[in-house]
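Listing of start18.cif, mmCIF, C-alpha atoms and all ligand atoms
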```
data_input
loop_
_atom_site.label_atom_id
_atom_site.label_comp_id
_atom_site.auth_asym_id
_atom_site.auth_seq_id
_atom_site.Cartn_x
_atom_site.Cartn_y
_atom_site.Cartn_z
CA MET A 416 55.01 -29.98 -44.09
CA LYS A 417 52.47 -32.18 -42.34
CA THR A 418 50.58 -32.82 -45.59
CA ARG A 419 53.78 -33.75 -47.40
CA MET A 420 54.70 -36.23 -44.72
CA MET A 421 51.25 -37.76 -44.80
CA LEU A 422 51.49 -38.07 -48.55
CA ALA A 423 54.89 -39.74 -48.33
CA LEU A 424 53.55 -42.19 -45.77
CA ALA A 425 50.56 -42.98 -47.95
CA VAL A 426 52.84 -43.68 -50.92
CA LEU A 427 55.00 -45.96 -48.77
CA ALA A 428 51.96 -47.85 -47.50
CA LEU A 429 50.68 -48.30 -51.04
CA ALA A 430 54.06 -49.58 -52.21
CA ALA A 431 54.16 -52.08 -49.34
CA LEU A 432 50.68 -53.28 -50.20
CA LEU A 433 51.55 -53.72 -53.87
CA THR A 434 54.74 -55.70 -53.17
CA ALA A 435 52.88 -57.93 -50.74
CA GLY A 436 50.20 -58.52 -53.35
CA CYS A 437 52.51 -59.29 -56.29
CA GLY A 438 55.24 -61.31 -54.67
CA LYS A 439 52.90 -63.21 -52.37
CA GLN A 440 54.82 -66.29 -51.29
CA ALA A 441 53.07 -69.66 -51.30
CA VAL A 442 52.78 -71.12 -47.81
CA VAL A 443 51.74 -74.36 -46.16
CA ASN A 444 50.51 -74.42 -42.55
CA VAL A 445 51.57 -77.64 -40.90
CA TYR A 446 50.27 -78.65 -37.46
CA ASN A 447 52.15 -81.63 -36.04
CA TRP A 448 53.00 -83.37 -32.77
CA GLY A 449 55.90 -81.92 -30.77
CA ASP A 450 59.34 -83.51 -31.43
CA TYR A 451 58.08 -85.08 -34.61
CA MET A 452 59.95 -83.29 -37.41
CA ASP A 453 63.51 -82.72 -38.56
CA PRO A 454 63.90 -78.96 -39.20
CA ALA A 455 66.30 -79.82 -42.04
CA VAL A 456 63.43 -81.58 -43.85
CA LEU A 457 61.33 -78.41 -43.67
CA GLU A 458 64.26 -76.41 -45.05
CA ALA A 459 64.76 -78.88 -47.90
CA PHE A 460 61.05 -78.64 -48.74
CA GLU A 461 61.17 -74.84 -48.79
CA LYS A 462 64.26 -74.87 -50.97
CA GLU A 463 62.84 -77.33 -53.48
CA THR A 464 59.30 -75.96 -53.75
CA LYS A 465 59.73 -72.29 -52.76
CA ILE A 466 56.74 -72.86 -50.46
CA LYS A 467 57.20 -71.46 -46.97
CA VAL A 468 56.31 -73.80 -44.11
CA ILE A 469 54.48 -72.31 -41.15
CA TYR A 470 54.90 -74.92 -38.47
CA ASP A 471 53.09 -75.36 -35.18
CA VAL A 472 52.91 -78.22 -32.66
CA TYR A 473 50.50 -79.95 -30.27
CA SER A 474 51.03 -82.54 -27.52
CA THR A 475 47.98 -84.76 -27.82
CA ASN A 476 45.27 -85.75 -30.28
CA GLU A 477 42.73 -84.01 -28.05
CA GLU A 478 44.61 -80.73 -28.30
CA LEU A 479 44.61 -81.06 -32.08
CA LEU A 480 40.85 -81.71 -32.09
CA ALA A 481 40.17 -78.69 -29.89
CA LYS A 482 42.24 -76.46 -32.16
CA LEU A 483 40.59 -77.71 -35.36
CA LYS A 484 37.11 -77.33 -33.92
CA ALA A 485 37.80 -73.86 -32.60
CA GLY A 486 38.34 -72.81 -36.24
CA GLY A 487 40.21 -69.72 -37.31
CA THR A 488 43.48 -71.58 -37.67
CA ASN A 489 43.40 -72.83 -41.27
CA TYR A 490 45.95 -75.60 -41.02
CA ASP A 491 46.75 -77.23 -44.35
CA VAL A 492 48.24 -80.47 -43.02
CA VAL A 493 47.43 -82.16 -39.69
CA ILE A 494 48.72 -85.50 -38.38
CA PRO A 495 46.17 -87.28 -36.13
CA SER A 496 46.43 -90.87 -34.91
CA THR A 497 43.96 -93.37 -36.37
CA ASN A 498 41.38 -92.99 -33.58
CA MET A 499 41.38 -89.19 -33.89
CA LEU A 500 41.18 -89.39 -37.66
CA GLU A 501 37.95 -91.36 -37.16
CA VAL A 502 36.63 -88.58 -34.91
CA PHE A 503 37.54 -85.97 -37.55
CA LEU A 504 35.83 -87.97 -40.28
CA ALA A 505 32.68 -88.38 -38.19
CA GLN A 506 32.66 -84.62 -37.71
CA ASP A 507 33.32 -83.93 -41.39
CA LEU A 508 36.52 -81.99 -40.73
CA ILE A 509 38.77 -83.61 -43.37
CA SER A 510 39.00 -83.21 -47.17
CA GLU A 511 38.88 -86.18 -49.48
CA LEU A 512 42.30 -86.79 -51.04
CA ASP A 513 43.20 -87.06 -54.69
CA LEU A 514 45.89 -89.76 -54.45
CA GLY A 515 46.87 -88.88 -58.04
CA LYS A 516 48.50 -85.80 -56.51
CA ILE A 517 50.59 -87.95 -54.17
CA PRO A 518 52.65 -90.16 -56.52
CA ASN A 519 54.99 -91.19 -53.68
CA PHE A 520 52.07 -92.95 -52.00
CA LYS A 521 53.32 -96.05 -53.84
CA ASN A 522 56.34 -96.15 -51.51
CA LEU A 523 54.21 -97.08 -48.51
CA ASP A 524 54.21 -100.55 -47.00
CA PRO A 525 50.77 -102.11 -47.65
CA GLN A 526 50.73 -103.15 -43.97
CA PHE A 527 50.08 -99.49 -43.14
CA THR A 528 47.74 -98.47 -45.93
CA ASP A 529 44.04 -99.24 -46.23
CA LEU A 530 43.64 -99.30 -42.43
CA VAL A 531 40.20 -99.73 -40.86
CA SER A 532 40.26 -96.07 -39.82
CA ASP A 533 40.37 -95.04 -43.49
CA PRO A 534 39.71 -97.78 -46.04
CA GLY A 535 41.33 -97.01 -49.37
CA ASN A 536 43.20 -94.01 -47.88
CA LYS A 537 40.49 -91.68 -49.08
CA TYR A 538 41.40 -89.12 -46.43
CA SER A 539 44.81 -89.85 -44.98
CA VAL A 540 48.34 -90.99 -45.67
CA PRO A 541 50.51 -92.60 -42.97
CA TYR A 542 53.37 -90.49 -41.57
CA PHE A 543 54.98 -92.61 -38.83
CA TRP A 544 53.95 -95.40 -36.51
CA GLY A 545 55.21 -96.67 -33.21
CA THR A 546 54.34 -98.14 -29.87
CA ILE A 547 53.92 -97.07 -26.26
CA GLY A 548 56.00 -99.00 -23.77
CA ILE A 549 57.93 -98.58 -20.56
CA LEU A 550 61.28 -96.82 -20.74
CA TYR A 551 63.29 -97.58 -17.60
CA ASN A 552 66.73 -97.31 -16.12
CA ALA A 553 67.66 -100.99 -15.88
CA LYS A 554 70.82 -100.23 -13.93
CA THR A 555 69.06 -98.29 -11.17
CA ILE A 556 66.15 -100.69 -11.05
CA GLY A 557 68.45 -103.72 -11.13
CA SER A 558 66.10 -106.09 -12.94
CA ASP A 559 64.12 -106.38 -16.14
CA ILE A 560 60.58 -105.08 -16.34
CA ASP A 561 58.00 -106.94 -18.43
CA SER A 562 54.60 -105.80 -17.17
CA TRP A 563 52.52 -102.63 -16.84
CA ARG A 564 52.19 -103.70 -13.17
CA ALA A 565 55.64 -102.15 -12.57
CA MET A 566 54.01 -98.74 -13.01
CA PHE A 567 51.86 -99.50 -9.96
CA ASP A 568 54.62 -100.97 -7.78
CA PRO A 569 55.13 -99.03 -4.50
CA LYS A 570 58.83 -99.85 -4.61
CA TYR A 571 59.17 -97.25 -7.36
CA SER A 572 57.26 -94.60 -5.43
CA GLY A 573 57.94 -91.09 -6.71
CA LYS A 574 59.91 -92.40 -9.68
CA ILE A 575 57.09 -93.24 -12.10
CA ILE A 576 55.96 -91.06 -15.00
CA MET A 577 52.59 -91.62 -16.67
CA PHE A 578 51.28 -90.01 -19.85
CA ASP A 579 49.15 -86.91 -19.54
CA SER A 580 46.90 -88.36 -22.22
CA VAL A 581 43.45 -89.71 -21.50
CA ARG A 582 43.28 -92.51 -24.09
CA ASP A 583 46.86 -93.68 -23.66
CA THR A 584 46.96 -93.89 -19.87
CA ILE A 585 43.51 -95.40 -19.48
CA GLY A 586 44.29 -97.62 -22.48
CA VAL A 587 47.45 -99.25 -21.16
CA THR A 588 45.82 -99.79 -17.75
CA LEU A 589 42.95 -101.57 -19.52
CA LYS A 590 45.54 -103.73 -21.32
CA MET A 591 47.26 -104.50 -18.01
CA LEU A 592 43.96 -105.89 -16.73
CA GLY A 593 43.56 -108.01 -19.87
CA TYR A 594 40.87 -105.81 -21.44
CA SER A 595 40.73 -104.11 -24.80
CA LEU A 596 42.54 -100.80 -25.26
CA ASN A 597 39.23 -99.55 -26.65
CA SER A 598 36.96 -100.87 -23.89
CA THR A 599 33.79 -98.91 -23.26
CA ASP A 600 32.61 -101.22 -20.48
CA PRO A 601 31.74 -99.02 -17.46
CA GLU A 602 32.81 -101.70 -14.97
CA GLN A 603 36.20 -102.20 -16.57
CA LEU A 604 36.66 -98.45 -16.73
CA ALA A 605 35.69 -98.07 -13.06
CA GLU A 606 38.38 -100.60 -12.19
CA VAL A 607 40.91 -98.58 -14.18
CA GLU A 608 39.79 -95.37 -12.48
CA ARG A 609 40.29 -96.88 -9.03
CA LEU A 610 43.78 -98.15 -9.90
CA LEU A 611 44.90 -94.87 -11.43
CA ILE A 612 43.64 -92.89 -8.44
CA GLU A 613 45.48 -95.23 -6.07
CA GLN A 614 48.58 -94.95 -8.24
CA LYS A 615 48.67 -91.16 -7.92
CA GLU A 616 50.74 -91.13 -4.74
CA LEU A 617 53.46 -93.10 -6.56
CA ILE A 618 53.66 -90.73 -9.49
CA HIS A 619 56.58 -88.43 -10.22
CA SER A 620 54.55 -86.59 -12.89
CA TYR A 621 52.08 -86.79 -15.75
CA THR A 622 53.53 -85.61 -19.07
CA VAL A 623 53.78 -86.55 -22.72
CA ASP A 624 56.69 -84.42 -23.74
CA ALA A 625 58.92 -83.92 -20.71
CA TYR A 626 59.90 -87.37 -19.51
CA GLU A 627 63.34 -87.64 -21.07
CA ASP A 628 65.03 -85.08 -18.80
CA PRO A 629 63.83 -86.42 -15.42
CA LEU A 630 64.74 -89.96 -16.58
CA LEU A 631 68.21 -88.98 -17.73
CA ALA A 632 68.75 -86.90 -14.57
CA GLY A 633 67.77 -89.88 -12.38
CA ASP A 634 64.75 -88.08 -10.87
CA ALA A 635 62.45 -90.67 -12.41
CA TRP A 636 63.30 -94.32 -13.07
CA LEU A 637 60.50 -95.52 -15.30
CA SER A 638 58.10 -93.84 -17.66
CA MET A 639 55.45 -94.54 -20.23
CA ALA A 640 57.21 -93.65 -23.45
CA TRP A 641 56.77 -93.41 -27.18
CA SER A 642 59.16 -95.71 -29.00
CA GLY A 643 61.00 -92.92 -30.85
CA ASP A 644 61.70 -91.03 -27.65
CA ALA A 645 62.86 -94.30 -26.07
CA PHE A 646 65.25 -94.88 -28.96
CA LYS A 647 66.79 -91.44 -28.41
CA VAL A 648 67.12 -91.83 -24.63
CA ILE A 649 68.77 -95.26 -25.01
CA ALA A 650 71.21 -93.78 -27.54
CA GLU A 651 72.13 -91.17 -24.94
CA ASN A 652 72.35 -93.56 -22.00
CA PRO A 653 72.52 -97.32 -22.66
CA ASP A 654 71.48 -98.05 -19.05
CA PHE A 655 67.94 -97.49 -20.29
CA LYS A 656 65.74 -100.20 -21.76
CA TYR A 657 62.42 -100.06 -23.57
CA VAL A 658 59.88 -102.82 -23.25
CA ILE A 659 56.47 -103.46 -24.73
CA PRO A 660 54.85 -105.07 -21.68
CA LYS A 661 53.65 -108.65 -22.06
CA GLU A 662 50.01 -107.61 -21.65
CA GLY A 663 50.29 -105.67 -24.92
CA THR A 664 50.02 -102.02 -25.78
CA ASN A 665 48.84 -99.37 -28.16
CA VAL A 666 50.33 -99.56 -31.62
CA TRP A 667 49.60 -96.18 -33.13
CA VAL A 668 49.74 -94.93 -36.68
CA ASP A 669 49.75 -91.18 -37.29
CA SER A 670 48.56 -90.03 -40.70
CA MET A 671 48.74 -86.81 -42.69
CA ALA A 672 45.42 -85.29 -43.66
CA ILE A 673 44.13 -82.04 -45.14
CA PRO A 674 41.43 -80.28 -43.10
CA LYS A 675 38.38 -79.02 -44.99
CA SER A 676 39.26 -75.54 -43.78
CA ALA A 677 42.72 -75.65 -45.45
CA LYS A 678 43.46 -72.61 -47.60
CA ASN A 679 46.53 -74.01 -49.40
CA LYS A 680 45.53 -77.44 -50.62
CA ASP A 681 48.01 -77.61 -53.51
CA ALA A 682 50.85 -76.79 -51.15
CA ALA A 683 49.50 -79.42 -48.73
CA TYR A 684 49.67 -82.09 -51.46
CA LYS A 685 53.22 -81.07 -52.29
CA PHE A 686 54.18 -81.29 -48.61
CA ILE A 687 52.64 -84.74 -48.15
CA ASP A 688 54.27 -86.06 -51.31
CA PHE A 689 57.65 -84.63 -50.27
CA ILE A 690 57.47 -86.42 -46.91
CA LEU A 691 56.86 -89.70 -48.76
CA LYS A 692 60.04 -89.48 -50.84
CA PRO A 693 62.26 -92.43 -49.90
CA GLU A 694 65.30 -90.32 -48.94
CA ILE A 695 63.22 -87.80 -46.97
CA GLY A 696 61.35 -90.61 -45.19
CA ALA A 697 64.71 -92.20 -44.30
CA GLN A 698 66.17 -88.92 -43.05
CA LEU A 699 63.11 -88.36 -40.86
CA ALA A 700 63.12 -91.94 -39.59
CA GLN A 701 66.72 -91.62 -38.49
CA TYR A 702 66.18 -88.25 -36.88
CA LEU A 703 62.98 -89.20 -35.06
CA GLY A 704 63.65 -92.79 -34.06
CA TYR A 705 60.06 -93.71 -34.94
CA SER A 706 58.99 -96.43 -37.34
CA THR A 707 58.51 -95.48 -40.96
CA PRO A 708 55.56 -96.96 -42.86
CA ASN A 709 57.49 -96.15 -46.05
CA LYS A 710 59.14 -99.36 -47.25
CA GLU A 711 61.42 -97.59 -49.72
CA ALA A 712 62.59 -95.32 -46.89
CA GLN A 713 63.11 -98.22 -44.51
CA ALA A 714 65.32 -99.96 -47.07
CA LEU A 715 67.63 -96.94 -47.01
CA LEU A 716 68.13 -97.02 -43.24
CA PRO A 717 71.44 -98.19 -41.81
CA GLU A 718 71.68 -101.45 -39.92
CA GLY A 719 71.00 -100.87 -36.24
CA VAL A 720 68.10 -98.62 -37.14
CA ARG A 721 66.38 -100.69 -39.85
CA ASP A 722 66.42 -103.77 -37.62
CA ASN A 723 66.31 -102.12 -34.19
CA PRO A 724 63.74 -103.98 -32.05
CA VAL A 725 62.69 -100.78 -30.25
CA ILE A 726 61.60 -99.31 -33.59
CA TYR A 727 60.67 -102.42 -35.55
CA PRO A 728 59.51 -105.04 -33.02
CA THR A 729 59.81 -108.55 -34.37
CA GLY A 730 56.71 -110.48 -35.35
CA ASN A 731 53.31 -109.05 -36.15
CA VAL A 732 52.93 -105.97 -33.93
CA PHE A 733 49.22 -105.87 -34.57
CA GLU A 734 48.71 -109.35 -33.13
CA MET A 735 49.09 -108.86 -29.39
CA ASN A 736 48.54 -105.11 -29.41
CA ASP A 737 45.55 -102.94 -30.21
CA VAL A 738 45.18 -99.91 -32.41
CA GLN A 739 43.05 -97.18 -30.84
CA VAL A 740 39.68 -96.58 -32.44
CA ASP A 741 37.13 -93.84 -31.87
CA ILE A 742 35.19 -94.78 -28.74
CA LYS A 743 32.34 -92.47 -29.74
CA GLU A 744 29.78 -91.86 -26.94
CA ALA A 745 32.16 -93.39 -24.37
CA THR A 746 34.47 -90.39 -24.89
CA GLU A 747 32.42 -88.55 -22.29
CA LEU A 748 32.88 -91.33 -19.75
CA TYR A 749 36.64 -91.39 -20.42
CA ASP A 750 36.82 -87.62 -19.97
CA ARG A 751 34.87 -87.81 -16.73
CA ILE A 752 37.16 -90.53 -15.38
CA TRP A 753 40.25 -88.64 -16.47
CA THR A 754 39.10 -85.44 -14.76
CA GLU A 755 38.37 -87.44 -11.63
CA ILE A 756 41.86 -88.99 -11.67
CA LYS A 757 43.66 -85.73 -12.34
CA SER A 758 41.76 -83.76 -9.72
CA ASN A 759 41.91 -86.40 -6.99
C1 LIG B 801 56.35 -87.34 -30.67
C2 LIG B 801 55.04 -87.73 -31.23
C3 LIG B 801 54.51 -89.00 -30.78
C4 LIG B 801 53.41 -89.42 -31.62
N1 LIG B 801 56.35 -86.69 -29.45
C5 LIG B 801 52.47 -90.31 -30.94
N2 LIG B 801 51.41 -90.66 -31.73
#
```
Can the structure from this file be put into structure tokens for me?
Amino acid sequence: MKTRMMLALAVLALAALLTAGCGKQAVVNVYNWGDYMDPAVLEAFEKETKIKVIYDVYSTNEELLAKLKAGGTNYDVVIPSTNMLEVFLAQDLISELDLGKIPNFKNLDPQFTDLVSDPGNKYSVPYFWGTIGILYNAKTIGSDIDSWRAMFDPKYSGKIIMFDSVRDTIGVTLKMLGYSLNSTDPEQLAEVERLLIEQKELIHSYTVDAYEDPLLAGDAWLSMAWSGDAFKVIAENPDFKYVIPKEGTNVWVDSMAIPKSAKNKDAAYKFIDFILKPEIGAQLAQYLGYSTPNKEAQALLPEGVRDNPVIYPTGNVFEMNDVQVDIKEATELYDRIWTEIKSN
């Protein structure tokens, strides 16, 4: 009896193994920022290509770096910002692209291709871009905000949310002081450290992905915000306004790239090309509220989105704002300052 059961089990196990082997479904492992994808787009991709998407999210570029370096994850598509892409390239973590396999690359606006972080797009293809600004409840506050200084104003004590993101929070404070977002000057950074430590008693919280709820609930009045999130909050409650402070900000561009450790490169190419289809780019742009670098997609957007100043600020956004670059050896100094601020 026992032997027969064992035999039956062995046959079952063998059958399972064989089916898994034959019908092995193609997959693509995508690792993206949180709140940065329309699930319907993933479903449409799976339906069209029969490739299954395994999807995972991170909150910051630094988290993405840590995960990639730890190995063992085998992501096929990752979406770092320009500065983190530079770090990846310096550490030889990214595969060179064959743009011939991404015919929809032609849909991109030349303003967002051939960036200094990746001349000739040898390694990356833009996904979305946007800004960091201040999202605030204009009704509660009762006046317009136009400066990063508002984030340090004691009259908003307990109502201010800052980003839990080393480069972004140090970066905008540098901008407030009239310095470069990419400063590596120890004196300028010491000044920033002092201000951010002083500011701590005014802070409601540090977060990058949980500021909408406290704002909408009235527990916080003003927050550092990504433009797409701002667009969504304003749509929910028009008392909110989004401003790029007059001192300037970080204009970021996030790009899709294929790690060297990717196991499903063909599927990764198909995924990237799918995202660059005009109608998919437009669907995503509307869902996310971020700015599409895809000019064919932008043309498909309805009025009110296509020309919304939160998403597409007028004028040349690169003029008064900086794009983050890899700060190389100064990364250690930034990390030290950040730890000091957070633990103080
Ligand atoms: C959405 C992702 C923001 C991207 N939470 C910032 N680069």
Please check which protein, DNA or RNA residues sit within 9 Å of ligand LIG 801 (chain B), counting all atoms listed in the file, and write them as a ChimeraX atom specification. /A:447-452,473-476,494-496,543-547,623-624,641-644,666-669,703,705
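Computed from the coordinates, the atom CA of Ser758 of chain A to atom CA of Thr588 of chain A distance equals 18.4 Å.
Take the candidates A:Ile556, A:Met671, A:Ala745, A:Met566 and check each one against Leu512 of chain A using only C-alpha atoms; the shortest distance goes to A:Met671.
You can rank A:Leu604, A:Ile673, A:Ile549, A:Val468 by their closest distance to Leu483 of chain A using only C-alpha atoms, and at the top of that list sits A:Ile673.
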For Val720 of chain A: contacts at 10 Å, all atoms listed in the file, fewer than 6 positions along chain excluded, given as a short mmCIF file (atom, residue, chain, number, x, y, z; two decimals) with C-alpha atoms, in the coordinates of the input:
```
data_model
loop_
_atom_site.label_atom_id
_atom_site.label_comp_id
_atom_site.auth_asym_id
_atom_site.auth_seq_id
_atom_site.Cartn_x
_atom_site.Cartn_y
_atom_site.Cartn_z
CA PHE A 646 65.25 -94.88 -28.96
CA ALA A 700 63.12 -91.94 -39.59
CA GLN A 701 66.72 -91.62 -38.49
CA GLY A 704 63.65 -92.79 -34.06
CA TYR A 705 60.06 -93.71 -34.94
CA SER A 706 58.99 -96.43 -37.34
CA GLN A 713 63.11 -98.22 -44.51
CA ILE A 726 61.60 -99.31 -33.59
CA TYR A 727 60.67 -102.42 -35.55
#
```
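For the set A:Leu500, A:Leu508, A:Met735, A:Ile560, the residue with the smallest atom-to-atom gap to Phe655 of chain A is A:Ile560, counting only C-alpha atoms.
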Under the rule that only C-alpha atoms are counted, which of A:Lys574, A:Lys710, A:Lys482, A:Lys439 is the nearest residue to Gln526 of chain A? A:Lys710
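Across the structure, atom CA of Lys685 of chain A and atom CA of Lys516 of chain A are spaced 7.9 Å apart.
Near (74.3, -96.6, -21.7), the residues inside the 12 Å limit, counting all atoms listed in the file, come to A:Tyr551, A:Asn552, A:Ala553, A:Lys554, A:Thr555, A:Leu631, A:Phe646, A:Lys647, A:Val648, A:Ile649, A:Ala650, A:Glu651, A:Asn652, A:Pro653, A:Asp654, A:Phe655, A:Lys656.
For the set A:Glu711, A:Glu694, A:Asp737, A:Glu744, the residue with the smallest atom-to-atom gap to Thr599 of chain A is A:Glu744, counting all atoms listed in the file.
Among the candidates A:Tyr542, A:Trp563, A:Tyr594, A:Trp753, the one nearest to Ile612 of chain A when counting all atoms listed in the file is A:Trp753.
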Within 10 Å of (56.4, -94.7, -45.2), only C-alpha atoms: residues as a PyMOL selection string? chain A and resi 519-525+527-528+540-544+690-693+695-697+700+706-713
For Ala441 of chain A, find every residue with an atom within 8 Å (counting only C-alpha atoms), except residues of its own chain fewer than 4 positions away, and show them as an MDAnalysis selection string. chainID A and resid 465:467 682
At a cut-off of 9 Å, using all atoms listed in the file, what residues contact Ile756 of chain A? Leave out same-chain residues fewer than 2 positions from it and give the result as a PyMOL selection string. chain A and resi 608-609+611-612+615+751-754+758-759
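Between atom CA of Val658 of chain A and atom CA of Asp529 of chain A the interatomic distance comes to 28.1 Å.
With all atoms listed in the file taken into account, the protein and nucleic acid residues at most 8 Å from Ser510 of chain A (excluding it and anything under 6 positions from it in its own chain) are Tyr538, Ala672, Ile673, Pro674 and Lys675 of chain A.
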